[in-house]
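These notes are about the structure you will find just below.
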Amino acid sequence: MHTPPVIPPEQSLIEYPCAFPIKVMGLHVEGFAAAIAQVALQFDPGFDPATIEHRPSAKGNYLGLTIIINATSREQLDELYRTLTTHPMVKMVI
């Protein structure tokens, strides 16, 4: 498993806490948005699933979701990205 480099807080381009958008792409199937909302809630208990933006692909086979979480640390974001990228329903995380 690749470990990302450690960036000292003073060199981070992100000031915490902040609203941080994450785009998640997966197959357009029942339960995808709910599954991503569950992951978001693990890392941000105040996350509101009603705020998820949905963007179906042109042919409707894929669904792009944008979630905005309250980012509190680099470690939180790294772990959230790891959890999303290893989720079986997720194809890509940006």
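Scheme for the structure tokens: letters A, B, ... for chains in order shown; per-chain residue numbers from 1; ligand numbers from 1 in order shown.
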
Practice item. Write down as a ChimeraX atom specification the residues belonging to chain A that are assigned strand (DSSP E or B) by DSSP computed on the backbone. Key: /A:18-27,53-56,62-71,90-93

Hey, what's within 10 Å of Ile22 in chain A if we count only C-alpha atoms and toss same-chain stuff fewer than 5 positions away? As a PDB file with N, CA, C and O atoms, in the first residue's frame, please?
ATOM      1  N   ALA A  40     -19.570   9.170   4.077  1.00  0.00           N
ATOM      2  CA  ALA A  40     -19.370  10.569   4.467  1.00  0.00           C
ATOM      3  C   ALA A  40     -19.725  10.781   5.936  1.00  0.00           C
ATOM      4  O   ALA A  40     -19.003  11.483   6.656  1.00  0.00           O
ATOM      5  N   LEU A  65     -21.291  11.966  -8.108  1.00  0.00           N
ATOM      6  CA  LEU A  65     -21.813  12.595  -6.897  1.00  0.00           C
ATOM      7  C   LEU A  65     -20.788  13.582  -6.377  1.00  0.00           C
ATOM      8  O   LEU A  65     -19.588  13.310  -6.420  1.00  0.00           O
ATOM      9  N   THR A  66     -21.248  14.714  -5.891  1.00  0.00           N
ATOM     10  CA  THR A  66     -20.378  15.645  -5.190  1.00  0.00           C
ATOM     11  C   THR A  66     -20.874  15.723  -3.756  1.00  0.00           C
ATOM     12  O   THR A  66     -22.043  16.029  -3.517  1.00  0.00           O
ATOM     13  N   ILE A  67     -19.974  15.375  -2.829  1.00  0.00           N
ATOM     14  CA  ILE A  67     -20.296  15.505  -1.414  1.00  0.00           C
ATOM     15  C   ILE A  67     -19.423  16.615  -0.851  1.00  0.00           C
ATOM     16  O   ILE A  67     -18.289  16.806  -1.300  1.00  0.00           O
ATOM     17  N   ILE A  68     -19.958  17.361   0.080  1.00  0.00           N
ATOM     18  CA  ILE A  68     -19.175  18.413   0.732  1.00  0.00           C
ATOM     19  C   ILE A  68     -19.137  18.081   2.215  1.00  0.00           C
ATOM     20  O   ILE A  68     -20.172  18.046   2.874  1.00  0.00           O
ATOM     21  N   ILE A  69     -17.927  17.788   2.681  1.00  0.00           N
ATOM     22  CA  ILE A  69     -17.785  17.413   4.086  1.00  0.00           C
ATOM     23  C   ILE A  69     -17.071  18.525   4.854  1.00  0.00           C
ATOM     24  O   ILE A  69     -16.385  19.355   4.266  1.00  0.00           O
ATOM     25  N   LEU A  77      -9.105  13.603   5.775  1.00  0.00           N
ATOM     26  CA  LEU A  77      -9.300  13.564   4.324  1.00  0.00           C
ATOM     27  C   LEU A  77      -8.608  12.359   3.701  1.00  0.00           C
ATOM     28  O   LEU A  77      -9.183  11.689   2.830  1.00  0.00           O
ATOM     29  N   LEU A  80     -10.662   9.305   4.466  1.00  0.00           N
ATOM     30  CA  LEU A  80     -11.905   9.343   3.702  1.00  0.00           C
ATOM     31  C   LEU A  80     -11.645   8.946   2.256  1.00  0.00           C
ATOM     32  O   LEU A  80     -12.364   8.118   1.692  1.00  0.00           O
ATOM     33  N   TYR A  81     -10.596   9.491   1.640  1.00  0.00           N
ATOM     34  CA  TYR A  81     -10.253   9.115   0.266  1.00  0.00           C
ATOM     35  C   TYR A  81      -9.938   7.626   0.171  1.00  0.00           C
ATOM     36  O   TYR A  81     -10.370   6.944  -0.756  1.00  0.00           O
ATOM     37  N   VAL A  93     -12.514   8.651  -7.512  1.00  0.00           N
ATOM     38  CA  VAL A  93     -12.688   9.712  -6.532  1.00  0.00           C
ATOM     39  C   VAL A  93     -11.760  10.864  -6.910  1.00  0.00           C
ATOM     40  O   VAL A  93     -10.585  10.648  -7.170  1.00  0.00           O
ATOM     41  N   ILE A  94     -12.312  12.063  -6.967  1.00  0.00           N
ATOM     42  CA  ILE A  94     -11.518  13.247  -7.307  1.00  0.00           C
ATOM     43  C   ILE A  94     -11.663  14.259  -6.181  1.00  0.00           C
ATOM     44  O   ILE A  94     -12.736  14.526  -5.717  1.00  0.00           O
TER      45      ILE A  94
END

Close residues, Thr72 in chain A itself excluded, 8 Å, only C-alpha atoms, min 2 positions apart in chain, as a compact mmCIF listing (two decimals) with C-alpha atoms, in the first residue's frame:
# COMPACT_ATOMS: atom_id res chain seq x y z
CA TYR A 16 -8.98 23.43 8.66
CA PRO A 17 -11.81 23.23 9.39
CA CYS A 18 -13.37 23.91 5.99
CA ASN A 70 -16.50 19.41 7.02
CA ARG A 74 -5.34 16.08 6.50
CA GLN A 76 -9.36 12.77 8.06

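Among the candidate residues A:Val24, A:Val29, A:Ala35, A:Ile14, the one lying nearest to Thr85 in chain A is A:Val24, with distances computed using only C-alpha atoms.
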
So that I can check the surroundings of Arg55 in chain A, please list as a PDB file with N, CA, C and O atoms, in the first residue's frame every protein, DNA and RNA residue that reaches within 10 Å of it, counting only C-alpha atoms and ignoring chain neighbours fewer than 5 positions away.
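That gives us selection_2.pdb:
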ATOM      1  N   MET A  25     -17.426   8.912  -8.443  1.00  0.00           N
ATOM      2  CA  MET A  25     -18.084   8.354  -9.623  1.00  0.00           C
ATOM      3  C   MET A  25     -18.286   6.854  -9.430  1.00  0.00           C
ATOM      4  O   MET A  25     -17.400   6.168  -8.927  1.00  0.00           O
ATOM      5  N   HIS A  28     -24.461   3.833 -12.098  1.00  0.00           N
ATOM      6  CA  HIS A  28     -25.744   4.425 -11.730  1.00  0.00           C
ATOM      7  C   HIS A  28     -26.684   3.292 -11.299  1.00  0.00           C
ATOM      8  O   HIS A  28     -27.485   2.798 -12.083  1.00  0.00           O
ATOM      9  N   GLY A  60     -26.356   7.601 -18.978  1.00  0.00           N
ATOM     10  CA  GLY A  60     -27.041   7.172 -17.776  1.00  0.00           C
ATOM     11  C   GLY A  60     -26.457   5.945 -17.097  1.00  0.00           C
ATOM     12  O   GLY A  60     -27.034   5.430 -16.142  1.00  0.00           O
ATOM     13  N   TYR A  62     -23.445   5.805 -15.561  1.00  0.00           N
ATOM     14  CA  TYR A  62     -22.658   6.205 -14.402  1.00  0.00           C
ATOM     15  C   TYR A  62     -23.330   7.376 -13.695  1.00  0.00           C
ATOM     16  O   TYR A  62     -24.113   8.109 -14.295  1.00  0.00           O
ATOM     17  N   LEU A  63     -22.987   7.526 -12.428  1.00  0.00           N
ATOM     18  CA  LEU A  63     -23.512   8.635 -11.650  1.00  0.00           C
ATOM     19  C   LEU A  63     -22.353   9.314 -10.945  1.00  0.00           C
ATOM     20  O   LEU A  63     -21.573   8.658 -10.248  1.00  0.00           O
ATOM     21  N   GLY A  64     -22.233  10.619 -11.149  1.00  0.00           N
ATOM     22  CA  GLY A  64     -21.235  11.405 -10.448  1.00  0.00           C
ATOM     23  C   GLY A  64     -21.899  12.081  -9.262  1.00  0.00           C
ATOM     24  O   GLY A  64     -22.972  12.666  -9.404  1.00  0.00           O
ATOM     25  N   LEU A  65     -21.291  11.966  -8.108  1.00  0.00           N
ATOM     26  CA  LEU A  65     -21.813  12.595  -6.897  1.00  0.00           C
ATOM     27  C   LEU A  65     -20.788  13.582  -6.377  1.00  0.00           C
ATOM     28  O   LEU A  65     -19.588  13.310  -6.420  1.00  0.00           O
ATOM     29  N   THR A  66     -21.248  14.714  -5.891  1.00  0.00           N
ATOM     30  CA  THR A  66     -20.378  15.645  -5.190  1.00  0.00           C
ATOM     31  C   THR A  66     -20.874  15.723  -3.756  1.00  0.00           C
ATOM     32  O   THR A  66     -22.043  16.029  -3.517  1.00  0.00           O
TER      33      THR A  66
END

Practice item. For CA of Met89 in chain A and CA of Pro56 in chain A, quote the distance in Å rounded to one decimal. Key: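 A separation of 15.0 Å between them.
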
Exercise for review: Output as an MDAnalysis selection string all residues of chain A that backbone DSSP marks as helix (DSSP H, G or I).
Suggested key: chainID A and resid 9:11 32:43 49:51 74:85

Exercise for review: Take CA of Leu84 in chain A and CA of Gln42 in chain A and report the distance between them in Å, one decimal.
Suggested key: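 Atom-to-atom, CA of Leu84 in chain A to CA of Gln42 in chain A, that is 11.2 Å.
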
Practice item. State, in Å with one decimal place, the distance from CA of Glu53 in chain A to CA of Ala37 in chain A. Key: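 These atoms are spaced 11.3 Å apart.
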
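Distance check against Lys59 in chain A using only C-alpha atoms: of A:Leu27, A:Ala19, A:Glu75, A:Phe47, the minimum falls on A:Leu27.
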